[in-house]
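Structure file work_4.cif (mmCIF, C-alpha atoms) follows.
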data_query
#
loop_
_atom_site.group_PDB
_atom_site.id
_atom_site.type_symbol
_atom_site.label_atom_id
_atom_site.label_comp_id
_atom_site.auth_asym_id
_atom_site.auth_seq_id
_atom_site.Cartn_x
_atom_site.Cartn_y
_atom_site.Cartn_z
ATOM 1 C CA MET A 1 -3.403 -32.378 135.359
ATOM 2 C CA PHE A 2 -1.607 -30.069 137.775
ATOM 3 C CA ILE A 3 -2.691 -30.236 141.408
ATOM 4 C CA PHE A 4 -1.476 -27.457 143.703
ATOM 5 C CA LYS A 5 -1.960 -28.043 147.422
ATOM 6 C CA VAL A 6 -1.637 -25.037 149.688
ATOM 7 C CA GLN A 7 -1.739 -24.505 153.435
ATOM 8 C CA ASP A 8 -1.571 -21.270 155.417
ATOM 9 C CA GLY A 9 -0.347 -20.707 158.984
ATOM 10 C CA GLN A 10 -3.872 -20.888 160.453
ATOM 11 C CA GLY A 11 -4.638 -24.402 159.210
ATOM 12 C CA GLY A 12 -6.478 -23.343 156.072
ATOM 13 C CA ARG A 13 -6.062 -25.693 153.128
ATOM 14 C CA ALA A 14 -6.760 -25.222 149.447
ATOM 15 C CA GLU A 15 -6.430 -27.284 146.304
ATOM 16 C CA ILE A 16 -6.172 -25.889 142.792
ATOM 17 C CA ARG A 17 -6.524 -28.380 139.926
ATOM 18 C CA ILE A 18 -5.690 -27.342 136.390
ATOM 19 C CA GLN A 19 -6.495 -29.689 133.536
ATOM 20 C CA ALA A 20 -3.522 -28.981 131.249
ATOM 21 C CA LEU A 21 -0.897 -31.047 129.465
ATOM 22 C CA ASP A 22 2.046 -28.748 130.164
ATOM 23 C CA TRP A 23 3.018 -25.694 132.210
ATOM 24 C CA SER A 24 2.299 -23.161 129.464
ATOM 25 C CA GLU A 25 -1.097 -24.510 128.388
ATOM 26 C CA GLN A 26 -4.215 -22.797 129.706
ATOM 27 C CA GLY A 27 -6.602 -25.222 131.337
ATOM 28 C CA GLU A 28 -9.846 -25.482 133.237
ATOM 29 C CA VAL A 29 -9.511 -24.812 136.965
ATOM 30 C CA ARG A 30 -11.189 -26.479 139.922
ATOM 31 C CA PHE A 31 -10.728 -24.727 143.240
ATOM 32 C CA SER A 32 -11.562 -25.927 146.740
ATOM 33 C CA CYS A 33 -10.716 -24.347 150.072
ATOM 34 C CA ASN A 34 -11.757 -24.782 153.703
ATOM 35 C CA SER A 35 -10.996 -21.194 154.769
ATOM 36 C CA ASP A 36 -12.596 -17.971 153.562
ATOM 37 C CA ALA A 37 -9.471 -15.960 154.402
ATOM 38 C CA LEU A 38 -7.217 -18.312 152.429
ATOM 39 C CA ALA A 39 -9.635 -18.337 149.484
ATOM 40 C CA ILE A 40 -9.650 -14.517 149.389
ATOM 41 C CA LEU A 41 -5.841 -14.453 149.537
ATOM 42 C CA LEU A 42 -5.466 -16.981 146.721
ATOM 43 C CA LEU A 43 -8.108 -15.483 144.433
ATOM 44 C CA SER A 44 -7.371 -11.763 144.897
ATOM 45 C CA GLY A 45 -4.787 -9.921 142.853
ATOM 46 C CA CYS A 46 -3.321 -13.014 141.201
ATOM 47 C CA ARG A 47 -0.146 -12.081 139.360
ATOM 48 C CA SER A 48 2.698 -13.780 137.582
ATOM 49 C CA GLY A 49 5.696 -12.700 135.568
ATOM 50 C CA LYS A 50 3.269 -11.835 132.752
ATOM 51 C CA GLY A 51 1.089 -9.569 134.908
ATOM 52 C CA PHE A 52 -2.275 -10.054 136.586
ATOM 53 C CA PHE A 53 -4.504 -13.009 135.735
ATOM 54 C CA SER A 54 -7.850 -14.498 136.754
ATOM 55 C CA LEU A 55 -7.549 -17.903 138.373
ATOM 56 C CA LEU A 56 -11.052 -19.375 138.307
ATOM 57 C CA PRO A 57 -12.021 -18.941 134.628
ATOM 58 C CA GLY A 58 -8.981 -21.015 133.599
ATOM 59 C CA THR A 59 -5.287 -20.260 133.578
ATOM 60 C CA LYS A 60 -1.822 -21.663 132.955
ATOM 61 C CA PRO A 61 -0.124 -23.788 135.627
ATOM 62 C CA MET A 62 3.054 -21.693 135.377
ATOM 63 C CA TYR A 63 1.073 -18.576 136.362
ATOM 64 C CA VAL A 64 -0.359 -20.334 139.420
ATOM 65 C CA GLU A 65 3.071 -21.646 140.380
ATOM 66 C CA GLN A 66 4.561 -18.124 140.203
ATOM 67 C CA TRP A 67 1.661 -16.669 142.224
ATOM 68 C CA LEU A 68 1.943 -19.311 144.939
ATOM 69 C CA GLU A 69 5.738 -18.920 145.124
ATOM 70 C CA TYR A 70 5.282 -15.167 145.551
ATOM 71 C CA LEU A 71 2.750 -15.678 148.369
ATOM 72 C CA GLN A 72 5.050 -18.178 150.051
ATOM 73 C CA GLU A 73 8.051 -15.818 149.806
ATOM 74 C CA GLU A 74 5.900 -13.091 151.387
ATOM 75 C CA GLY A 75 5.202 -15.438 154.319
ATOM 76 C CA LYS A 76 1.477 -15.681 153.583
ATOM 77 C CA LEU A 77 1.537 -19.411 152.832
ATOM 78 C CA GLY A 78 3.164 -22.164 154.846
ATOM 79 C CA LEU A 79 3.101 -25.123 152.492
ATOM 80 C CA VAL A 80 2.897 -25.253 148.708
ATOM 81 C CA GLU A 81 3.056 -28.565 146.845
ATOM 82 C CA VAL A 82 2.496 -29.399 143.208
ATOM 83 C CA GLU A 83 1.606 -32.807 141.887
ATOM 84 C CA ILE A 84 1.509 -33.521 138.166
ATOM 85 C CA ARG A 85 -0.755 -36.335 136.995
ATOM 86 C CA THR A 86 -0.830 -37.869 133.516
ATOM 87 C CA PRO A 87 -3.381 -40.032 131.708
ATOM 88 C CA PHE A 88 -1.087 -43.012 132.367
ATOM 89 C CA ASP A 89 -1.446 -42.730 136.145
ATOM 90 C CA PRO A 90 -3.732 -45.467 137.526
ATOM 91 C CA ASP A 91 -6.152 -43.048 139.256
ATOM 92 C CA TYR A 92 -6.224 -40.402 136.497
ATOM 93 C CA ALA A 93 -9.657 -41.492 135.263
ATOM 94 C CA GLU A 94 -11.108 -41.063 138.753
ATOM 95 C CA LEU A 95 -9.606 -37.554 139.000
ATOM 96 C CA CYS A 96 -11.365 -36.670 135.727
ATOM 97 C CA GLY A 97 -14.692 -38.262 136.598
ATOM 98 C CA LEU A 98 -14.354 -41.147 134.130
ATOM 99 C CA ASP A 99 -13.991 -44.844 134.736
ATOM 100 C CA SER A 100 -10.711 -46.449 133.703
ATOM 101 C CA GLU A 101 -12.200 -48.215 130.679
ATOM 102 C CA GLN A 102 -13.672 -44.957 129.324
ATOM 103 C CA ILE A 103 -10.375 -43.087 129.693
ATOM 104 C CA LYS A 104 -8.431 -45.951 128.104
ATOM 105 C CA ASN A 105 -10.765 -46.065 125.074
ATOM 106 C CA LEU A 106 -10.821 -42.282 124.779
ATOM 107 C CA LEU A 107 -7.025 -41.976 124.833
ATOM 108 C CA GLU A 108 -6.529 -44.808 122.342
ATOM 109 C CA LEU A 109 -8.913 -43.124 119.879
ATOM 110 C CA VAL A 110 -7.350 -39.697 120.320
ATOM 111 C CA TYR A 111 -3.814 -41.057 119.881
ATOM 112 C CA ARG A 112 -4.824 -43.026 116.786
ATOM 113 C CA VAL A 113 -6.529 -40.038 115.165
ATOM 114 C CA GLY A 114 -3.599 -37.746 116.003
ATOM 115 C CA GLY A 115 -0.958 -40.220 114.848
ATOM 116 C CA PHE A 116 0.627 -40.538 118.311
ATOM 117 C CA ASN A 117 1.883 -43.659 120.006
ATOM 118 C CA ARG A 118 2.271 -44.325 123.715
ATOM 119 C CA LEU A 119 6.081 -43.995 123.631
ATOM 120 C CA GLN A 120 5.885 -40.517 122.022
ATOM 121 C CA ILE A 121 3.410 -39.347 124.635
ATOM 122 C CA MET A 122 5.490 -40.753 127.512
ATOM 123 C CA ARG A 123 8.626 -38.997 126.214
ATOM 124 C CA TYR A 124 6.778 -35.716 125.843
ATOM 125 C CA LEU A 125 5.291 -35.978 129.339
ATOM 126 C CA LYS A 126 8.758 -36.756 130.731
ATOM 127 C CA HIS A 127 10.409 -33.745 129.076
ATOM 128 C CA ARG A 128 7.604 -31.163 129.353
ATOM 129 C CA HIS A 129 8.931 -29.861 132.694
ATOM 130 C CA ASN A 130 12.251 -28.756 131.211
ATOM 131 C CA PRO A 131 11.912 -25.849 128.731
ATOM 132 C CA SER A 132 15.500 -26.165 127.436
ATOM 133 C CA THR A 133 15.027 -29.866 126.638
ATOM 134 C CA MET A 134 11.698 -29.075 124.986
ATOM 135 C CA SER A 135 13.234 -26.421 122.754
ATOM 136 C CA THR A 136 16.095 -28.671 121.612
ATOM 137 C CA ARG A 137 14.209 -31.964 121.354
ATOM 138 C CA TYR A 138 10.985 -30.773 119.696
ATOM 139 C CA SER A 139 10.369 -28.391 116.831
ATOM 140 C CA PRO A 140 7.792 -25.627 117.329
ATOM 141 C CA GLU A 141 5.417 -27.588 115.072
ATOM 142 C CA GLU A 142 5.765 -30.720 117.218
ATOM 143 C CA ILE A 143 5.168 -28.784 120.431
ATOM 144 C CA LYS A 144 2.093 -27.238 118.833
ATOM 145 C CA ARG A 145 0.871 -30.721 117.836
ATOM 146 C CA TYR A 146 1.232 -32.021 121.402
ATOM 147 C CA ARG A 147 -0.543 -28.942 122.758
ATOM 148 C CA HIS A 148 -3.417 -29.573 120.351
ATOM 149 C CA LEU A 149 -3.573 -33.113 121.713
ATOM 150 C CA GLY A 150 -3.820 -31.699 125.242
ATOM 151 C CA GLU A 151 -6.541 -29.254 124.181
ATOM 152 C CA LEU A 152 -8.530 -32.079 122.599
ATOM 153 C CA ILE A 153 -8.260 -34.282 125.682
ATOM 154 C CA ASN A 154 -9.272 -31.366 127.913
ATOM 155 C CA TYR A 155 -12.245 -30.549 125.679
ATOM 156 C CA LEU A 156 -13.458 -34.157 125.718
ATOM 157 C CA LEU A 157 -13.111 -34.284 129.503
ATOM 158 C CA ARG A 158 -15.159 -31.067 129.823
ATOM 159 C CA LEU A 159 -17.917 -32.668 127.748
ATOM 160 C CA LYS A 160 -17.979 -35.699 130.048
ATOM 161 C CA THR A 161 -17.582 -33.979 133.416
ATOM 162 C CA PRO A 162 -20.831 -32.474 134.761
ATOM 163 C CA THR A 163 -20.644 -28.777 135.564
ATOM 164 C CA PRO A 164 -21.006 -28.080 139.324
#
Show how you would write the structure in this file as structure tokens.
Amino acid sequence: MFIFKVQDGQGGRAEIRIQALDWSEQGEVRFSCNSDALAILLLSGCRSGKGFFSLLPGTKPMYVEQWLEYLQEEGKLGLVEVEIRTPFDPDYAELCGLDSEQIKNLLELVYRVGGFNRLQIMRYLKHRHNPSTMSTRYSPEEIKRYRHLGELINYLLRLKTPTP
């Protein structure tokens, strides 16, 4: 899960959560903001190196990162932070709306079915931030396999999490 925390010069704060395994995977977005002006700024005309995109229906973390960097360079945002959370973080289950026992059982089943072990997942999560390491360490088929794992976990979390 990618959590972007944003603050403007007028004290407005926003949080954008994207349920995705890596930067290039599209994930479900949760958006919260305490300022109408900041919300309009963040949700209007979103663009990245790939062109314009819609934030709320679901997007890739790398697109959001590029958009927020652009807004910060333009002086429209004061603070931009990103926090990356993994299923191995102690409070990950709470972030997803599951209790820790449910998330533990869910992940064990998914890993067993997919033929993954904890060490493989930890290595992938460690290296996913560095595209050059990813391209030399993992074959395209392996990257695709890990992305399918992320899609499955995200899908199962969507089934569990009530829609607002």
- Item | Distance query Lys76 (chain A) at most 7 Å, all atoms listed in the file, self and fewer than 4 positions along chain excluded, as a PyMOL selection string | chain A and resi 8+71-72
Skipping near chain neighbours, those fewer than 2 positions away, what residues fall within 7 Å of region 11-19 of chain A using all atoms listed in the file, listed as a PDB file with C-alpha atoms, keeping the file's coordinate frame?
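Writing the result to result-v6.pdb gives the following:
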ATOM      1  CA  MET A   1      -3.403 -32.378 135.359  1.00  0.00           C
ATOM      2  CA  PHE A   2      -1.607 -30.069 137.775  1.00  0.00           C
ATOM      3  CA  ILE A   3      -2.691 -30.236 141.408  1.00  0.00           C
ATOM      4  CA  PHE A   4      -1.476 -27.457 143.703  1.00  0.00           C
ATOM      5  CA  LYS A   5      -1.960 -28.043 147.422  1.00  0.00           C
ATOM      6  CA  VAL A   6      -1.637 -25.037 149.688  1.00  0.00           C
ATOM      7  CA  GLN A   7      -1.739 -24.505 153.435  1.00  0.00           C
ATOM      8  CA  ASP A   8      -1.571 -21.270 155.417  1.00  0.00           C
ATOM      9  CA  GLY A   9      -0.347 -20.707 158.984  1.00  0.00           C
ATOM     10  CA  GLY A  27      -6.602 -25.222 131.337  1.00  0.00           C
ATOM     11  CA  GLU A  28      -9.846 -25.482 133.237  1.00  0.00           C
ATOM     12  CA  VAL A  29      -9.511 -24.812 136.965  1.00  0.00           C
ATOM     13  CA  ARG A  30     -11.189 -26.479 139.922  1.00  0.00           C
ATOM     14  CA  PHE A  31     -10.728 -24.727 143.240  1.00  0.00           C
ATOM     15  CA  SER A  32     -11.562 -25.927 146.740  1.00  0.00           C
ATOM     16  CA  CYS A  33     -10.716 -24.347 150.072  1.00  0.00           C
ATOM     17  CA  ASN A  34     -11.757 -24.782 153.703  1.00  0.00           C
ATOM     18  CA  SER A  35     -10.996 -21.194 154.769  1.00  0.00           C
ATOM     19  CA  LEU A  38      -7.217 -18.312 152.429  1.00  0.00           C
ATOM     20  CA  PRO A  61      -0.124 -23.788 135.627  1.00  0.00           C
ATOM     21  CA  ASN A 154      -9.272 -31.366 127.913  1.00  0.00           C
TER      22      ASN A 154
END
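The closest residue to Asp36 (chain A), picked from A:Val64, A:Leu152, A:Lys126, A:Gln10 and counting only C-alpha atoms, is A:Gln10.
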- Message: Restricting the calculation to all atoms listed in the file: of A:Ser135, A:Asn105, A:Ser54, A:Ser48, which residue gets closest to Glu69 (chain A)?
- Response: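 For Glu69 (chain A), the nearest of the candidates is A:Ser48.
Computed from the coordinates, the CA of Gly45 (chain A) to CA of Trp67 (chain A) distance equals 9.4 Å.
Shortest separation to Leu56 (chain A) among A:Ile84, A:Glu101, A:Ser44, A:Leu77 occurs at residue A:Ser44, atoms counted being all atoms listed in the file.
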- For CA of Gly114 (chain A) and CA of Pro57 (chain A), quote the distance in Å rounded to one decimal.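 Pair CA of Gly114 (chain A) / CA of Pro57 (chain A) returns 27.8 Å.
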- So how far away is CA of Gly150 (chain A) from CA of Gly58 (chain A), in Å? 14.5 Å
- Task: Would you kindly translate the PyMOL selection byres ((chain A and resi 60) around 6) into the concrete residues it picks from this file, as a PyMOL selection string?
- Result: chain A and resi 24-26+59+61-63
- Taking the file above as input, evaluate the PyMOL selection byres ((chain A and resi 88) around 10) and report the hits as a PyMOL selection string. chain A and resi 85-87+89-93+103-104+107+118+121-122+125
